[in-house]
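Source file: input24.txt (compact mmCIF, C-alpha atoms)
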# COMPACT_ATOMS: atom_id res chain seq x y z
CA MET A 1056 -49.76 93.08 14.57
CA LEU A 1057 -49.88 89.36 13.95
CA GLY A 1058 -47.82 88.75 17.04
CA ALA A 1059 -50.18 90.77 19.16
CA ASN A 1060 -53.19 88.82 17.87
CA LEU A 1061 -51.50 85.48 18.55
CA PHE A 1062 -50.67 86.57 22.05
CA GLY A 1063 -54.29 87.53 22.61
CA LEU A 1064 -55.52 84.18 21.34
CA LEU A 1065 -53.12 82.38 23.69
CA CYS A 1066 -54.34 84.44 26.61
CA VAL A 1067 -57.95 83.64 25.79
CA ALA A 1068 -57.11 79.92 25.47
CA ALA A 1069 -55.23 80.00 28.77
CA LEU A 1070 -58.15 81.66 30.51
CA ALA A 1071 -60.56 79.12 29.01
CA TYR A 1072 -58.34 76.27 30.11
CA GLY A 1073 -58.06 77.79 33.56
CA ASP A 1074 -61.84 78.04 33.81
CA LYS A 1075 -62.14 74.38 32.86
CA GLN A 1076 -59.65 73.43 35.58
CA VAL A 1077 -61.56 75.49 38.11
CA ASP A 1078 -64.83 73.84 37.02
CA LYS A 1079 -63.20 70.41 37.33
CA PHE A 1080 -61.92 71.13 40.85
CA GLU A 1081 -65.30 72.45 41.90
CA TYR A 1082 -67.01 69.33 40.49
CA HIS A 1083 -64.69 67.00 42.38
CA ALA A 1084 -65.07 69.05 45.55
CA LYS A 1085 -68.86 68.93 45.31
CA LEU A 1086 -68.75 65.20 44.52
CA LEU A 1087 -66.52 64.58 47.54
CA GLU A 1088 -68.86 66.65 49.68
CA LYS A 1089 -71.83 64.57 48.49
CA MET A 1090 -69.97 61.34 49.21
CA ILE A 1091 -69.14 62.50 52.73
CA HIS A 1092 -72.76 63.52 53.23
CA ILE A 1093 -73.95 60.10 51.98
CA GLU A 1094 -71.48 58.28 54.25
CA LYS A 1095 -72.68 60.26 57.28
CA LYS A 1096 -76.27 59.57 56.34
CA MET A 1097 -75.52 55.85 55.96
CA GLU A 1098 -73.76 55.87 59.33
CA ARG A 1099 -76.81 57.49 60.96
CA MET A 1100 -79.05 54.94 59.26
CA GLU A 1101 -76.84 52.11 60.49
CA ASN A 1102 -76.96 53.47 64.04
CA ASP A 1103 -80.74 53.88 63.78
CA LEU A 1104 -80.98 50.30 62.51
CA LYS A 1105 -78.88 49.02 65.42
CA GLN A 1106 -81.04 50.96 67.88
CA ALA A 1107 -84.21 49.62 66.27
CA LYS A 1108 -82.80 46.07 66.38
CA THR A 1109 -81.99 46.49 70.08
CA GLU A 1110 -85.47 47.79 70.80
CA VAL A 1111 -87.04 44.92 68.85
CA ASN A 1112 -84.96 42.38 70.80
CA ILE A 1113 -85.98 44.01 74.08
CA PHE A 1114 -89.62 43.93 72.98
CA ILE A 1115 -89.37 40.27 71.97
CA ASN A 1116 -87.73 39.35 75.29
CA ASP A 1117 -90.39 41.26 77.23
CA GLN A 1118 -93.19 39.58 75.30
CA THR A 1119 -91.52 36.18 75.75
CA ASN A 1120 -91.33 36.73 79.51
CA ILE A 1121 -94.96 37.84 79.59
CA LEU A 1122 -95.97 34.76 77.59
CA GLU A 1123 -94.00 32.45 79.90
CA ASN A 1124 -95.59 34.05 82.97
CA LYS A 1125 -99.05 33.75 81.44
CA THR A 1126 -98.35 30.12 80.57
CA ALA A 1127 -97.27 29.42 84.15
CA GLU A 1128 -100.38 31.18 85.46
CA TYR A 1129 -102.54 29.17 83.08
CA GLU A 1130 -100.94 25.90 84.16
CA LEU A 1131 -101.42 26.85 87.82
CA LEU A 1132 -105.02 27.80 87.18
CA GLU A 1133 -105.56 24.60 85.20
CA GLY A 1134 -104.20 22.62 88.13
CA LYS A 1135 -106.53 24.41 90.53
CA VAL A 1136 -109.51 23.85 88.28
CA ASP A 1137 -108.61 20.17 88.04
CA LEU A 1138 -108.14 19.87 91.84
CA PRO A 1139 -111.20 18.26 93.42
CA ILE A 1140 -112.45 19.66 96.71
CA ILE A 1141 -111.70 17.08 99.38
CA ALA A 1142 -111.69 18.27 102.98
CA PHE A 1143 -113.16 17.31 106.33
CA ASN A 1144 -113.46 18.71 109.83
CA ALA A 1145 -114.72 16.35 112.53
CA TYR A 1146 -114.94 17.14 116.25
CA GLN A 1147 -115.90 15.77 119.66
CA VAL A 1148 -114.15 12.54 120.58
CA LEU A 1149 -116.62 9.71 121.06
CA ASP A 1150 -114.62 7.89 123.76
CA THR A 1151 -112.91 9.99 126.44
CA THR A 1152 -111.22 6.89 127.91
CA PRO A 1153 -109.45 5.41 124.86
CA GLU A 1154 -107.46 2.23 125.29
CA THR A 1155 -104.05 1.44 123.83
CA ASN A 1156 -104.20 0.96 120.01
CA GLN A 1157 -107.81 2.15 119.89
CA ILE A 1158 -108.95 4.21 116.90
CA MET A 1159 -110.16 7.60 118.11
CA ILE A 1160 -113.47 8.57 116.55
CA TRP A 1161 -114.80 12.11 116.15
CA GLN A 1162 -118.55 11.77 116.01
CA HIS A 1163 -119.68 15.19 114.75
CA ILE A 1164 -118.86 16.60 111.31
CA ARG A 1165 -118.60 20.28 110.46
CA LEU A 1166 -117.31 19.68 106.95
CA ASN A 1167 -116.96 16.60 104.76
CA GLU A 1168 -116.40 17.65 101.14
CA GLY A 1169 -115.97 14.49 99.08
CA ASN A 1170 -117.56 12.34 101.82
CA ALA A 1171 -114.17 10.74 102.53
CA TYR A 1172 -114.31 10.78 106.35
CA ASP A 1173 -116.38 8.09 108.03
CA ASN A 1174 -117.46 9.15 111.54
CA VAL A 1175 -118.65 5.60 112.31
CA VAL A 1176 -115.25 3.92 111.99
CA GLY A 1177 -113.21 7.12 112.40
CA LYS A 1178 -111.20 6.76 109.20
CA PHE A 1179 -110.54 8.94 106.18
CA LYS A 1180 -110.36 7.08 102.85
CA ALA A 1181 -108.59 8.95 100.05
CA PRO A 1182 -110.79 9.22 96.94
CA VAL A 1183 -107.82 10.44 94.83
CA SER A 1184 -104.04 10.24 95.10
CA GLY A 1185 -102.29 13.39 96.26
CA LEU A 1186 -100.60 15.35 99.00
CA TYR A 1187 -102.86 15.75 102.01
CA HIS A 1188 -102.63 17.82 105.18
CA PHE A 1189 -103.97 16.31 108.42
CA ALA A 1190 -104.19 17.84 111.88
CA VAL A 1191 -105.40 16.65 115.28
CA HIS A 1192 -106.27 18.79 118.29
CA ILE A 1193 -106.86 17.11 121.67
CA CYS A 1194 -107.34 18.38 125.24
CA ASN A 1195 -106.36 16.25 128.25
CA TYR A 1196 -106.98 16.47 131.99
CA SER A 1197 -104.22 17.58 134.31
CA GLY A 1198 -102.27 14.66 135.68
CA GLN A 1199 -103.34 12.45 132.78
CA VAL A 1200 -101.14 11.36 129.89
CA ILE A 1201 -102.54 11.34 126.37
CA THR A 1202 -100.40 9.77 123.64
CA TYR A 1203 -101.73 9.58 120.10
CA ALA A 1204 -100.65 9.50 116.45
CA ILE A 1205 -101.83 10.27 112.93
CA VAL A 1206 -101.68 6.92 111.11
CA LEU A 1207 -101.54 6.16 107.38
CA ASP A 1208 -102.41 2.50 106.77
CA GLY A 1209 -100.57 1.46 109.93
CA THR A 1210 -97.61 3.86 109.58
CA TYR A 1211 -97.24 6.76 112.03
CA MET A 1212 -97.12 10.13 110.27
CA ALA A 1213 -96.99 12.23 113.45
CA GLN A 1214 -97.10 11.54 117.22
CA SER A 1215 -97.78 13.49 120.40
CA TYR A 1216 -97.23 12.95 124.12
CA LYS A 1217 -99.18 15.32 126.35
CA TYR A 1218 -98.97 15.66 130.13
CA ASP A 1219 -99.33 18.49 132.62
CA ASN A 1220 -99.57 17.89 136.34
CA ALA A 1221 -101.16 21.26 137.15
CA ILE A 1222 -103.71 22.23 134.48
CA ASN A 1223 -105.93 20.84 131.79
CA GLU A 1224 -104.16 21.43 128.50
CA CYS A 1225 -104.70 21.22 124.74
CA GLY A 1226 -102.20 20.35 122.06
CA SER A 1227 -102.03 19.71 118.31
CA ILE A 1228 -100.06 17.71 115.78
CA SER A 1229 -100.14 17.83 111.98
CA ALA A 1230 -98.63 16.09 108.98
CA ILE A 1231 -98.40 16.53 105.22
CA THR A 1232 -98.16 13.20 103.48
CA LYS A 1233 -98.75 11.52 100.14
CA VAL A 1234 -101.82 9.31 100.13
CA THR A 1235 -102.80 7.09 97.22
CA THR A 1236 -106.35 6.33 96.20
CA GLY A 1237 -108.00 3.96 98.66
CA GLN A 1238 -105.48 4.38 101.48
CA MET A 1239 -106.84 5.27 104.92
CA VAL A 1240 -105.81 7.77 107.57
CA TRP A 1241 -106.97 7.79 111.18
CA VAL A 1242 -105.98 8.81 114.71
CA LYS A 1243 -104.78 6.13 117.09
CA CYS A 1244 -104.37 6.14 120.86
CA ILE A 1245 -100.84 4.85 121.42
CA SER A 1246 -101.18 4.43 125.17
CA GLY A 1247 -104.42 4.60 127.16
CA SER A 1248 -106.69 3.00 129.72
CA ALA A 1249 -110.43 2.33 129.74
CA SER A 1250 -110.49 2.98 133.49
CA THR A 1251 -109.14 6.54 133.30
CA THR A 1252 -110.78 9.58 131.73
CA GLN A 1253 -107.98 11.17 129.75
CA ILE A 1254 -109.72 13.58 127.39
CA TRP A 1255 -111.02 16.85 128.79
CA ASN A 1256 -113.82 18.78 127.09
CA PRO A 1257 -114.14 16.39 124.12
CA SER A 1258 -116.06 18.95 122.01
CA MET A 1259 -112.84 21.02 121.77
CA SER A 1260 -110.95 18.13 120.18
CA SER A 1261 -110.91 17.74 116.40
CA PHE A 1262 -109.52 15.83 113.44
CA THR A 1263 -109.17 17.65 110.09
CA GLY A 1264 -107.73 16.95 106.68
CA ALA A 1265 -107.65 18.32 103.14
CA LEU A 1266 -106.22 17.58 99.70
CA ILE A 1267 -103.64 20.25 98.82
CA HIS A 1268 -102.18 18.84 95.59
CA ARG A 1269 -103.37 16.08 93.33
CA VAL A 1270 -100.83 13.49 92.15
CA GLU A 1271 -101.59 11.23 89.19
Mind converting the file's structure to structure tokens?
Amino acid sequence: MLGANLFGLLCVAALAYGDKQVDKFEYHAKLLEKMIHIEKKMERMENDLKQAKTEVNIFINDQTNILENKTAEYELLEGKVDLPIIAFNAYQVLDTTPETNQIMIWQHIRLNEGNAYDNVVGKFKAPVSGLYHFAVHICNYSGQVITYAIVLDGTYMAQSYKYDNAINECGSISAITKVTTGQMVWVKCISGSASTTQIWNPSMSSFTGALIHRVE
């Protein structure tokens, strides 16, 4: 009888021990499962963080480019606001029989912003330093040579030689040049004769100029 009771107690102890082992295995299994779940969650968070960082960098680069473009636009606008309006358009040559080295004068003025062109002496005097564009348009009689130049303080900026034996013809020259404050620009007859009428329809001839960029 005693042996049977002892055997029963051992069986109960074994079952209890077995239950504890099962509980221990289940605990470790659940703990491992939680750790795996946490690692996956951390991995997703890390990926989300990388994606967010990439998006932030893209946003910053986009905003930087926008800011740089706006800055460039502002500087361009500032330059335009600071650019004085200097431009002239004079027409109708005063002398249709210009002599060699004579300054050609356009007596009528359509435009003279800045009052820099003098139609008495035929010269433009730069009120500010900058890049200027000048153009001359002249018509000559058939069989007559007209040779002229755009001159900056004695230096030729552009020249033209016009001749046609059959018809009256018009031609143009132009130049972009740097002019400093106080320098003068005019049109000069390189080769001419007071005894020959060279210029045809003088009202169609013109001398124009404008400041396109100010230079300090």
Go through A:Tyr1146, A:Phe1114, A:Tyr1203, A:Tyr1187 and flag the residue nearest Thr1232 in chain A, using all atoms listed in the file for the distances.
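Nearest to Thr1232 in chain A: A:Tyr1187.
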Given all atoms listed in the file, how would the per-residue table for range 1126-1216 of chain A near range 1239-1257 of chain A read, listing every residue at most 10 Å away with its closest atom pair and distance in Å to one decimal, sorted by chain and number, as a Markdown table?
| residue | atom | partner | partner_atom | distance |
| --- | --- | --- | --- | --- |
| A:Tyr1146 | CA | A:Pro1257 | CA | 7.9 |
| A:Gln1147 | CA | A:Pro1257 | CA | 4.8 |
| A:Val1148 | CA | A:Pro1257 | CA | 5.2 |
| A:Leu1149 | CA | A:Pro1257 | CA | 7.8 |
| A:Asp1150 | CA | A:Ile1254 | CA | 8.3 |
| A:Thr1151 | CA | A:Ile1254 | CA | 4.9 |
| A:Thr1152 | CA | A:Thr1252 | CA | 4.7 |
| A:Pro1153 | CA | A:Gly1247 | CA | 5.6 |
| A:Glu1154 | CA | A:Gly1247 | CA | 4.3 |
| A:Thr1155 | CA | A:Ser1246 | CA | 4.4 |
| A:Asn1156 | CA | A:Cys1244 | CA | 5.3 |
| A:Gln1157 | CA | A:Cys1244 | CA | 5.4 |
| A:Ile1158 | CA | A:Lys1243 | CA | 4.6 |
| A:Met1159 | CA | A:Val1242 | CA | 5.5 |
| A:Ile1160 | CA | A:Val1242 | CA | 7.7 |
| A:Trp1161 | CA | A:Pro1257 | CA | 9.1 |
| A:Ala1171 | CA | A:Met1239 | CA | 9.5 |
| A:Tyr1172 | CA | A:Val1240 | CA | 9.1 |
| A:Asp1173 | CA | A:Trp1241 | CA | 9.9 |
| A:Val1176 | CA | A:Trp1241 | CA | 9.2 |
| A:Gly1177 | CA | A:Trp1241 | CA | 6.4 |
| A:Lys1178 | CA | A:Trp1241 | CA | 4.8 |
| A:Phe1179 | CA | A:Val1240 | CA | 5.1 |
| A:Lys1180 | CA | A:Met1239 | CA | 4.5 |
| A:Ala1181 | CA | A:Met1239 | CA | 6.3 |
| A:Pro1182 | CA | A:Met1239 | CA | 9.7 |
| A:Phe1189 | CA | A:Val1240 | CA | 8.8 |
| A:Ala1190 | CA | A:Val1242 | CA | 9.6 |
| A:Val1191 | CA | A:Val1242 | CA | 7.9 |
| A:Ile1193 | CA | A:Ile1254 | CA | 7.3 |
| A:Cys1194 | CA | A:Trp1255 | CA | 5.3 |
| A:Asn1195 | CA | A:Ile1254 | CA | 4.4 |
| A:Tyr1196 | CA | A:Trp1255 | CA | 5.2 |
| A:Ser1197 | CA | A:Gln1253 | CA | 8.7 |
| A:Gly1198 | CA | A:Gln1253 | CA | 8.9 |
| A:Gln1199 | CA | A:Gln1253 | CA | 5.7 |
| A:Val1200 | CA | A:Gln1253 | CA | 6.8 |
| A:Ile1201 | CA | A:Gln1253 | CA | 6.4 |
| A:Thr1202 | CA | A:Ile1245 | CA | 5.4 |
| A:Tyr1203 | CA | A:Cys1244 | CA | 4.4 |
| A:Ala1204 | CA | A:Lys1243 | CA | 5.4 |
| A:Ile1205 | CA | A:Val1242 | CA | 4.7 |
| A:Val1206 | CA | A:Trp1241 | CA | 5.4 |
| A:Leu1207 | CA | A:Val1240 | CA | 4.6 |
| A:Asp1208 | CA | A:Met1239 | CA | 5.5 |
| A:Gly1209 | CA | A:Val1240 | CA | 8.5 |
| A:Thr1210 | CA | A:Val1240 | CA | 9.3 |
| A:Tyr1211 | CA | A:Lys1243 | CA | 9.1 |
| A:Met1212 | CA | A:Val1240 | CA | 9.4 |
| A:Ala1213 | CA | A:Val1242 | CA | 9.7 |
| A:Gln1214 | CA | A:Ile1245 | CA | 8.7 |
| A:Ser1215 | CA | A:Ile1245 | CA | 9.2 |
| A:Tyr1216 | CA | A:Ile1245 | CA | 9.3 |
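Interatomic distance, CA of Asn1116 in chain A to CA of Met1100 in chain A: 24.0 Å.
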Which value, in Å to one decimal, gives the distance between CA of Tyr1218 in chain A and CA of His1163 in chain A?
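Separating CA of Tyr1218 in chain A from CA of His1163 in chain A is a distance of 25.8 Å.
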Separation of CA of Arg1269 in chain A from CA of Ala1230 in chain A in Å:
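Going from CA of Ala1230 in chain A over to CA of Arg1269 in chain A covers 16.4 Å.
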Residue with smallest distance to Ser1258 in chain A - pool A:Leu1186, A:Ile1164, A:Ile1091, A:Ile1228, counting only C-alpha atoms
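Comparing A:Leu1186, A:Ile1164, A:Ile1091, A:Ile1228 against Ser1258 in chain A, the winner is A:Ile1164.
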